[in-house]
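To start, the structure itself, in structure tokens.
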Amino acid sequence: MDDLTPYLENLGLGGWRTYETVGSTNDIALAWGEKGAADWSLVVAESQTAGRGRGGRQWLSAPGCGLWFSLVLRPLPGEIEYFPRFTALAALGLVSALANLGLRAKIKWPNDVLLASKKVAGILVEANWQGGRADAIVVGMGVNVTAGCVPPADTLRYPATCIEEARGSPVNRWALLGDLLSKMREYRNVLMHAEFVKAWNSHLAMRGEQICFRALLDEEPQTGIVQGVNGAGELEVRKPEGVLIRLVAGEILIDRE
Ligand code: BTN
């Protein structure tokens with residue numbers, strides 16, 4: 001594993017731990033959170049053997065081609081009320097860091113980042129809930145940087161890409177990580193404000209477009225037009241008959257961009 005000190009030392013992290021191979025960085029971060037990790041403690045691995053995504057899906061995490069990391073955040077007073085926004089926090093951080101590389105990324109509700117309408121990153125936020133209270137939130141993120149970590153198309157539910165394919169030139173993974181963490185820190189300052197939801201909506205994929213979606217991961221697909229994300233982090237979709245649905249969980253199946 002490379003020495004990340006030059007990229008991470010000035011970010012005000014609570015600490016960081018790097019690993020060659022782990023099961024899942026989220027597991028390491030959850031355990032570290034229980035043992036008192038400070039706010040903004042970071043776990044980064046070169047590869048994961050049991051990387052996981054939403055709905056218990058597998059997240060392939062080969063070495064040398066992506067960013068696989070988890071951040072431990074200690075919720076500030078009031079922040080836990082805005083739990084769904086922690087996923088958007090990571091997504092907005094990546095969108096801003098990619099803009100610095102000349103790329104226009106979009107956020108596919110609830111937890112993906114897209115480049116050219118294909119998935120380039122996924123986010124998995126977890127917490128140890130104790131008596132309805134979480135004193136550590138773990139924000140896990142996987143970012144495909146080079147082609148080596150894009151899974152074969154026939155194994156995917158949604159088309160995937162990597163940053164280098166979209167950019168057409170090499171990217172320094174660790175510089176990107178540093179930039180994305182510093183953007184996340186900026187967005188965290190406004191996490192509880194209306195400005196945060198405005199930023200989320202301004203980078204939301206498929207806004208005003210017809211989508212096919214499931215209201216719950218195991219439900220039948222439906223169609224509707226994306227209106228935007230509301231303050232509770234729900235995706236508002238207008239059905240053809242005019243009814244407005246607010247998605248709390250669920251997923252978008254087809255991108256008609
Ligand atoms: C998804 O698309 O469903 C979310 C994928 C999240 C993957 C990242 S990689 C780092 C962290 N560790 C994990 O096991 N999962 C997240």
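We label chains A, B, ... in the order they appear in the structure tokens, count residues from 1 in each chain, and number ligands from 1 in the order shown.
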Surrounding residues as a VMD selection string, ligand 1, max 7 Å, only C-alpha atoms and all ligand atoms | chain A and resid 24 to 26 50 to 54 57 59 61 68 to 70 111 to 112 121 to 124 140 to 142
Using only C-alpha atoms, determine which residues lie at most 8 Å from Leu204 of chain A, disregarding the query and same-chain residues fewer than 4 positions distant; provide the list as a PyMOL selection string.
-> chain A and resi 106-109+200+228
Keeping only N, CA and C atoms, write the selected residues to a file as a short mmCIF file (atom, residue, chain, number, x, y, z; two decimals), in the first residue's frame.
```
data_model
loop_
_atom_site.label_atom_id
_atom_site.label_comp_id
_atom_site.auth_asym_id
_atom_site.auth_seq_id
_atom_site.Cartn_x
_atom_site.Cartn_y
_atom_site.Cartn_z
N LYS A 106 -23.05 12.97 -11.95
CA LYS A 106 -24.40 13.17 -11.40
C LYS A 106 -24.65 12.16 -10.30
N ILE A 107 -25.60 12.49 -9.43
CA ILE A 107 -25.93 11.60 -8.32
C ILE A 107 -27.20 10.84 -8.66
N LYS A 108 -27.08 9.52 -8.69
CA LYS A 108 -28.26 8.68 -8.91
C LYS A 108 -28.78 8.30 -7.53
N TRP A 109 -29.97 8.81 -7.21
CA TRP A 109 -30.55 8.54 -5.90
C TRP A 109 -30.68 7.03 -5.70
N TRP A 200 -27.65 18.97 -3.66
CA TRP A 200 -27.99 17.57 -4.01
C TRP A 200 -28.88 17.58 -5.26
N GLY A 228 -37.42 15.44 -7.81
CA GLY A 228 -36.26 15.92 -7.04
C GLY A 228 -36.19 15.22 -5.70
#
```
Go through segment 10-246 of chain A and collect every residue that DSSP, computed from the backbone, puts in strand (DSSP E or B); the answer should be as a PyMOL selection string.
-> chain A and resi 15-22+41-48+52+58+61+66-73+106-108+112-115+118-130+133-144+160+204+207+210-214+222-229+235-238+244-246
Can you list, as a short mmCIF file (atom, residue, chain, number, x, y, z; two decimals) with N, CA, C and O atoms, in the first residue's frame, all residues belonging to segment 98-181 of chain A that DSSP tags as helix (DSSP H, G or I)?
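Once everything was written out, this is part05.cif:
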```cif
data_model
loop_
_atom_site.label_atom_id
_atom_site.label_comp_id
_atom_site.auth_asym_id
_atom_site.auth_seq_id
_atom_site.Cartn_x
_atom_site.Cartn_y
_atom_site.Cartn_z
N LEU A 98 -14.57 15.43 -8.90
CA LEU A 98 -14.52 15.09 -10.33
C LEU A 98 -14.63 16.35 -11.20
O LEU A 98 -14.04 16.42 -12.27
N ALA A 99 -15.37 17.33 -10.71
CA ALA A 99 -15.47 18.60 -11.45
C ALA A 99 -14.07 19.22 -11.58
O ALA A 99 -13.73 19.79 -12.61
N ALA A 147 -9.96 0.94 -15.51
CA ALA A 147 -10.83 -0.07 -16.14
C ALA A 147 -10.76 -1.42 -15.44
O ALA A 147 -11.73 -2.18 -15.47
N GLY A 148 -9.64 -1.70 -14.76
CA GLY A 148 -9.46 -3.00 -14.11
C GLY A 148 -10.51 -3.32 -13.05
O GLY A 148 -10.67 -4.48 -12.68
N CYS A 149 -11.20 -2.31 -12.55
CA CYS A 149 -12.18 -2.65 -11.50
C CYS A 149 -13.62 -2.53 -11.97
O CYS A 149 -14.54 -2.68 -11.17
N ALA A 153 -19.84 -6.50 -18.06
CA ALA A 153 -21.19 -5.94 -18.27
C ALA A 153 -22.30 -6.95 -17.98
O ALA A 153 -23.35 -6.58 -17.44
N ASP A 154 -22.06 -8.24 -18.30
CA ASP A 154 -23.16 -9.21 -18.14
C ASP A 154 -23.42 -9.57 -16.67
O ASP A 154 -24.37 -10.29 -16.37
N THR A 155 -22.58 -9.06 -15.75
CA THR A 155 -22.80 -9.35 -14.33
C THR A 155 -23.48 -8.17 -13.63
O THR A 155 -23.72 -8.21 -12.43
N ILE A 163 -13.40 6.30 -13.90
CA ILE A 163 -13.04 7.70 -14.13
C ILE A 163 -12.13 7.83 -15.35
O ILE A 163 -12.31 8.72 -16.19
N GLU A 164 -11.16 6.93 -15.46
CA GLU A 164 -10.21 7.09 -16.57
C GLU A 164 -10.86 6.90 -17.93
O GLU A 164 -10.45 7.52 -18.90
N GLU A 165 -11.90 6.08 -17.98
CA GLU A 165 -12.60 5.90 -19.27
C GLU A 165 -13.29 7.22 -19.65
O GLU A 165 -13.25 7.66 -20.79
N ALA A 166 -13.90 7.86 -18.65
CA ALA A 166 -14.62 9.11 -18.93
C ALA A 166 -13.64 10.24 -19.25
O ALA A 166 -13.94 11.11 -20.05
N ARG A 167 -12.48 10.20 -18.63
CA ARG A 167 -11.53 11.31 -18.77
C ARG A 167 -10.56 11.12 -19.92
O ARG A 167 -10.05 12.08 -20.49
N ARG A 173 -5.11 8.34 -7.95
CA ARG A 173 -6.18 7.91 -7.02
C ARG A 173 -6.12 8.62 -5.70
O ARG A 173 -7.12 9.01 -5.12
N TRP A 174 -4.90 8.74 -5.16
CA TRP A 174 -4.79 9.26 -3.79
C TRP A 174 -4.99 10.76 -3.73
O TRP A 174 -5.53 11.29 -2.76
N ALA A 175 -4.59 11.45 -4.81
CA ALA A 175 -4.87 12.90 -4.87
C ALA A 175 -6.39 13.10 -4.96
O ALA A 175 -6.95 14.00 -4.33
N LEU A 176 -7.04 12.23 -5.70
CA LEU A 176 -8.51 12.32 -5.82
C LEU A 176 -9.16 12.07 -4.46
O LEU A 176 -10.08 12.79 -4.06
N LEU A 177 -8.64 11.08 -3.72
CA LEU A 177 -9.19 10.80 -2.39
C LEU A 177 -9.06 12.03 -1.49
O LEU A 177 -10.02 12.42 -0.81
N GLY A 178 -7.86 12.65 -1.49
CA GLY A 178 -7.64 13.83 -0.65
C GLY A 178 -8.61 14.94 -1.02
O GLY A 178 -9.23 15.57 -0.14
N ASP A 179 -8.79 15.16 -2.30
CA ASP A 179 -9.68 16.23 -2.75
C ASP A 179 -11.12 15.94 -2.35
O ASP A 179 -11.85 16.80 -1.86
N LEU A 180 -11.52 14.69 -2.54
CA LEU A 180 -12.92 14.35 -2.25
C LEU A 180 -13.21 14.45 -0.74
O LEU A 180 -14.27 14.92 -0.33
N LEU A 181 -12.22 14.10 0.09
CA LEU A 181 -12.43 14.23 1.54
C LEU A 181 -12.52 15.71 1.93
O LEU A 181 -13.32 16.08 2.79
#
```
Arg74 of chain A: which residues within 9 Å, counting only C-alpha atoms, same-chain residues fewer than 5 positions away excluded, as a ChimeraX atom specification?
-> /A:33,37-40,134-138
For the residues selected in the previous step, produce a file with C-alpha atoms as a short mmCIF file (atom, residue, chain, number, x, y, z; two decimals), in the first residue's frame.
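The result, written out as result08.cif:
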```cif
data_model
loop_
_atom_site.label_atom_id
_atom_site.label_comp_id
_atom_site.auth_asym_id
_atom_site.auth_seq_id
_atom_site.Cartn_x
_atom_site.Cartn_y
_atom_site.Cartn_z
CA GLY A 33 -15.99 3.50 15.83
CA ALA A 37 -12.29 6.50 16.72
CA ALA A 38 -12.36 10.29 16.47
CA ASP A 39 -14.60 12.15 14.03
CA TRP A 40 -13.24 11.93 10.45
CA ALA A 134 -25.88 6.12 16.70
CA ASP A 135 -22.71 7.59 18.10
CA ALA A 136 -20.69 6.68 15.04
CA ILE A 137 -21.77 6.77 11.40
CA VAL A 138 -19.66 4.94 8.84
#
```
Atomic distance atom CA of Tyr19 of chain A - atom CA of Thr161 of chain A, expressed in Å with one decimal =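 Atom-to-atom, atom CA of Tyr19 of chain A to atom CA of Thr161 of chain A, that is 24.9 Å.
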Counting only C-alpha atoms, what is within 12 Å of Gly78 of chain A, bar same-chain residues fewer than 3 positions away, as an mmCIF file with N, CA and C atoms, in the first residue's frame?
```cif
data_model
loop_
_atom_site.group_PDB
_atom_site.id
_atom_site.type_symbol
_atom_site.label_atom_id
_atom_site.label_comp_id
_atom_site.auth_asym_id
_atom_site.auth_seq_id
_atom_site.Cartn_x
_atom_site.Cartn_y
_atom_site.Cartn_z
ATOM 1 N N ARG A 74 -18.565 11.207 13.746
ATOM 2 C CA ARG A 74 -19.279 11.339 15.028
ATOM 3 C C ARG A 74 -20.346 12.394 14.828
ATOM 4 N N PRO A 75 -21.625 11.994 14.827
ATOM 5 C CA PRO A 75 -22.657 12.987 14.546
ATOM 6 C C PRO A 75 -22.644 14.144 15.536
ATOM 7 N N GLU A 81 -30.618 13.459 12.845
ATOM 8 C CA GLU A 81 -31.960 13.644 12.248
ATOM 9 C C GLU A 81 -31.876 13.665 10.725
ATOM 10 N N TYR A 82 -30.683 13.912 10.204
ATOM 11 C CA TYR A 82 -30.500 14.055 8.752
ATOM 12 C C TYR A 82 -29.730 12.862 8.187
ATOM 13 N N PHE A 83 -29.940 11.701 8.789
ATOM 14 C CA PHE A 83 -29.152 10.508 8.426
ATOM 15 C C PHE A 83 -29.039 10.264 6.908
ATOM 16 N N ARG A 133 -29.975 5.322 18.963
ATOM 17 C CA ARG A 133 -28.988 6.383 18.873
ATOM 18 C C ARG A 133 -27.720 5.830 18.229
ATOM 19 N N ALA A 134 -27.138 6.577 17.309
ATOM 20 C CA ALA A 134 -25.881 6.119 16.702
ATOM 21 C C ALA A 134 -24.793 7.087 17.114
ATOM 22 N N ASP A 135 -23.756 6.608 17.797
ATOM 23 C CA ASP A 135 -22.715 7.591 18.100
ATOM 24 C C ASP A 135 -21.560 7.560 17.112
ATOM 25 N N LEU A 191 -24.503 20.557 6.094
ATOM 26 C CA LEU A 191 -25.335 19.340 6.019
ATOM 27 C C LEU A 191 -26.769 19.546 6.506
ATOM 28 N N MET A 192 -26.961 20.368 7.523
ATOM 29 C CA MET A 192 -28.303 20.523 8.108
ATOM 30 C C MET A 192 -29.065 21.695 7.476
ATOM 31 N N HIS A 193 -28.478 22.318 6.452
ATOM 32 C CA HIS A 193 -29.098 23.516 5.876
ATOM 33 C C HIS A 193 -29.796 23.200 4.550
#
```
Can you list, as number ranges by chain, every protein, DNA or RNA residue that comes within 9 Å of Ala160 of chain A when you count only C-alpha atoms, leaving out same-chain residues fewer than 4 positions away?
-> A: 114-115, 117-121, 144, 150-153, 156
For Met184 of chain A, list every protein, DNA or RNA residue within 10 Å, evaluated using only C-alpha atoms, and leave out those in the same chain fewer than 2 positions away; present the list as a ChimeraX atom specification.
-> /A:86,88-94,96-97,178-182,186-189,191
